[in-house]
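Structure first, commentary second.
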Amino acid sequence: MRKDNLEVLLFLKEFLGINEILVEKEEVRTVEKELEELKEEVYRCKKCPLHLQKTNYVFGSGNPYAKVMFVGEAPGADEDREGLPFVGRAGKLLTQLLKEIGLDREKDVYIANVLKCRPPGNRDPLPAEIRACSPYLVKQIKIIKPKLLVALGRFAAYFLSGRDKVPLSKLRGKLHESVFGPRLLVTYHPAAILRNPGRMHEIKSDFRMILKILEENGGED
Ligand code: URA
Ligand code: SF4
């Protein structure tokens, strides 16, 4: 149930005295509460050594009722400093790509990473770190229940699709079944596009696909 729908229902409840609608209100409270409780759990996490070097845990941000959830790799230096995902250069590109398809990163999507703490020097996540941290991401997906997951880069793509040893270029630009329920679209990591701007048209085409999928889904909620 989206928030704006809830407001209409609450108005109807006031107007017509329909009490069942109280149940819906509870449901909405639960999504926010569950996410908040999970965040507090992450903020206490010591399951892998990355917590020793981090400045901040980076849980995720955006709309808990979003239909689309983006998943990156791990916080970088800017994210570690601010405690928010995708706020550095790659984040600015992500925000811009979203804007170009008419989506606002706070209002229309939810953004999280596979790892919640920064690997030193932005090195690749280790398999043991992914094993330790990914249950938090899985719980976020189960709470938010997006219609579509978008994997940014190979670590998110491999984890969410359950496939690896496949070049990212084989997975990208296509819809897959994710291991966790929602359909999955794989695209490049925005940081990879900054390193290789020749691929900009490919990521833009993937983002247009996101819009198409959401529009096809439009009617049902
Ligand atoms: N890269 C990521 O994968 N995640 C962030 O939050 C920032 C950069
Ligand atoms: Fe815990 Fe994940 Fe941080 Fe490791 S990276 S300490 S598992 S929150």
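Labeling convention for the structure tokens: chains A, B, ... as they appear, residues from 1 per chain, ligands from 1 in order of appearance.
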Exercise. May I have the residues within 9 Å of ligand 1, computed using only C-alpha atoms and all ligand atoms, as a PyMOL selection string?
Key: chain A and resi 58+60+71-80+84-91+111-116+118+122+152-153+155-156+189-191
Exercise. Please write out the residues within 10 Å of ligand 2 as a PyMOL selection string, counting only C-alpha atoms and all ligand atoms.
Key: chain A and resi 39+41-54+56-59+74-75+113-119+125+128-137
Residues of the last selection are to be written out with C-alpha atoms, as an mmCIF file, in the first residue's frame.
data_model
loop_
_atom_site.group_PDB
_atom_site.id
_atom_site.type_symbol
_atom_site.label_atom_id
_atom_site.label_comp_id
_atom_site.auth_asym_id
_atom_site.auth_seq_id
_atom_site.Cartn_x
_atom_site.Cartn_y
_atom_site.Cartn_z
ATOM 1 C CA LYS A 39 18.948 -0.295 10.669
ATOM 2 C CA GLU A 41 20.697 -3.922 14.164
ATOM 3 C CA VAL A 42 23.149 -2.982 11.382
ATOM 4 C CA TYR A 43 24.434 -0.044 13.439
ATOM 5 C CA ARG A 44 25.499 -2.542 16.128
ATOM 6 C CA CYS A 45 26.976 -5.100 13.709
ATOM 7 C CA LYS A 46 30.418 -6.599 14.303
ATOM 8 C CA LYS A 47 29.986 -9.643 12.068
ATOM 9 C CA CYS A 48 33.032 -8.894 9.950
ATOM 10 C CA PRO A 49 36.230 -6.856 10.445
ATOM 11 C CA LEU A 50 35.025 -4.021 8.188
ATOM 12 C CA HIS A 51 33.246 -2.405 11.131
ATOM 13 C CA LEU A 52 36.644 -1.683 12.712
ATOM 14 C CA GLN A 53 37.769 0.684 9.955
ATOM 15 C CA LYS A 54 34.526 2.351 8.945
ATOM 16 C CA ASN A 56 29.712 5.185 9.451
ATOM 17 C CA TYR A 57 27.545 2.233 8.584
ATOM 18 C CA VAL A 58 25.679 2.897 5.327
ATOM 19 C CA PHE A 59 22.282 1.240 5.633
ATOM 20 C CA ALA A 74 29.720 -1.086 -0.916
ATOM 21 C CA PRO A 75 30.208 2.414 0.491
ATOM 22 C CA ASN A 113 24.461 -1.801 -1.074
ATOM 23 C CA VAL A 114 25.568 -5.411 -0.661
ATOM 24 C CA LEU A 115 28.012 -4.315 2.077
ATOM 25 C CA LYS A 116 27.096 -1.774 4.734
ATOM 26 C CA CYS A 117 30.698 -0.848 5.674
ATOM 27 C CA ARG A 118 33.446 0.493 3.424
ATOM 28 C CA PRO A 119 36.200 -1.909 2.360
ATOM 29 C CA PRO A 125 34.313 -7.076 -1.229
ATOM 30 C CA ALA A 128 33.334 -13.800 3.567
ATOM 31 C CA GLU A 129 32.234 -10.163 3.886
ATOM 32 C CA ILE A 130 29.418 -10.714 1.394
ATOM 33 C CA ARG A 131 28.321 -13.820 3.308
ATOM 34 C CA ALA A 132 28.328 -11.904 6.596
ATOM 35 C CA CYS A 133 26.574 -8.771 5.374
ATOM 36 C CA SER A 134 24.156 -9.832 2.643
ATOM 37 C CA PRO A 135 21.438 -11.121 5.021
ATOM 38 C CA TYR A 136 20.784 -7.444 5.853
ATOM 39 C CA LEU A 137 20.196 -6.677 2.166
#
Practice problem: Apply DSSP to the structure's backbone, then extract all residues of range 37-203 of chain A labelled alpha helix (DSSP H) and return them as a PyMOL selection string. | Solution: chain A and resi 37-42+50-53+77-82+89-100+127-144+154-161+168-171+190-195+200-203
Practice problem: Record the distance separating CA of Leu35 in chain A and CA of Ile144 in chain A, expressed in Å with one decimal. | Solution: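 Going from CA of Leu35 in chain A over to CA of Ile144 in chain A, I get 8.2 Å.
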Quiz item: Given the choices A:Arg105, A:Lys145, A:Lys139, A:Arg123, which gets closest to Tyr65 in chain A if the distance is worked out from only C-alpha atoms?
Solution: A:Lys145
Quiz item: With only C-alpha atoms as the basis for distance, which of A:Leu148, A:Ile143, A:Ile213, A:Leu94 is at the shortest distance from Lys33 in chain A?
Solution: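 Counting only C-alpha atoms, the residue closest to Lys33 in chain A is A:Ile143.
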Self-check item: For Phe180 in chain A: contacts at 9 Å, only C-alpha atoms, fewer than 2 positions along chain excluded, given as a list in words
Solution: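 With the cut-off at 9 Å, the set is Val138, Ile141, Lys142, Leu160, Ser161, Glu177, Ser178, Pro182 and Arg183 of chain A.
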Same residues, C-alpha atoms, saved as an mmCIF file, in the first residue's frame:
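Dumped to part_33.cif:
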data_model
loop_
_atom_site.group_PDB
_atom_site.id
_atom_site.type_symbol
_atom_site.label_atom_id
_atom_site.label_comp_id
_atom_site.auth_asym_id
_atom_site.auth_seq_id
_atom_site.Cartn_x
_atom_site.Cartn_y
_atom_site.Cartn_z
ATOM 1 C CA VAL A 138 17.917 -9.697 1.846
ATOM 2 C CA ILE A 141 14.287 -6.544 0.065
ATOM 3 C CA LYS A 142 11.738 -8.594 2.042
ATOM 4 C CA LEU A 160 20.996 -11.083 -6.654
ATOM 5 C CA SER A 161 20.920 -13.397 -9.669
ATOM 6 C CA GLU A 177 14.618 -13.857 -11.996
ATOM 7 C CA SER A 178 16.257 -12.780 -8.756
ATOM 8 C CA PRO A 182 11.313 -9.439 -7.462
ATOM 9 C CA ARG A 183 12.466 -9.379 -11.065
#
Quiz item: Closest to Leu149 in chain A among A:Lys165, A:Arg195, A:Ala66, A:Glu34, using only C-alpha atoms?
Solution: A:Ala66
Practice problem: Between A:Leu194, A:Leu185, A:Glu32, A:Glu37, single out the one closest to Lys92 in chain A, counting only C-alpha atoms. | Solution: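 With only C-alpha atoms as the atom set, the closest residue is A:Leu194.
Nearest to Asn217 in chain A of all the residues A:Leu38, A:Val68, A:Val150, A:Leu103 is A:Val68, counting only C-alpha atoms.
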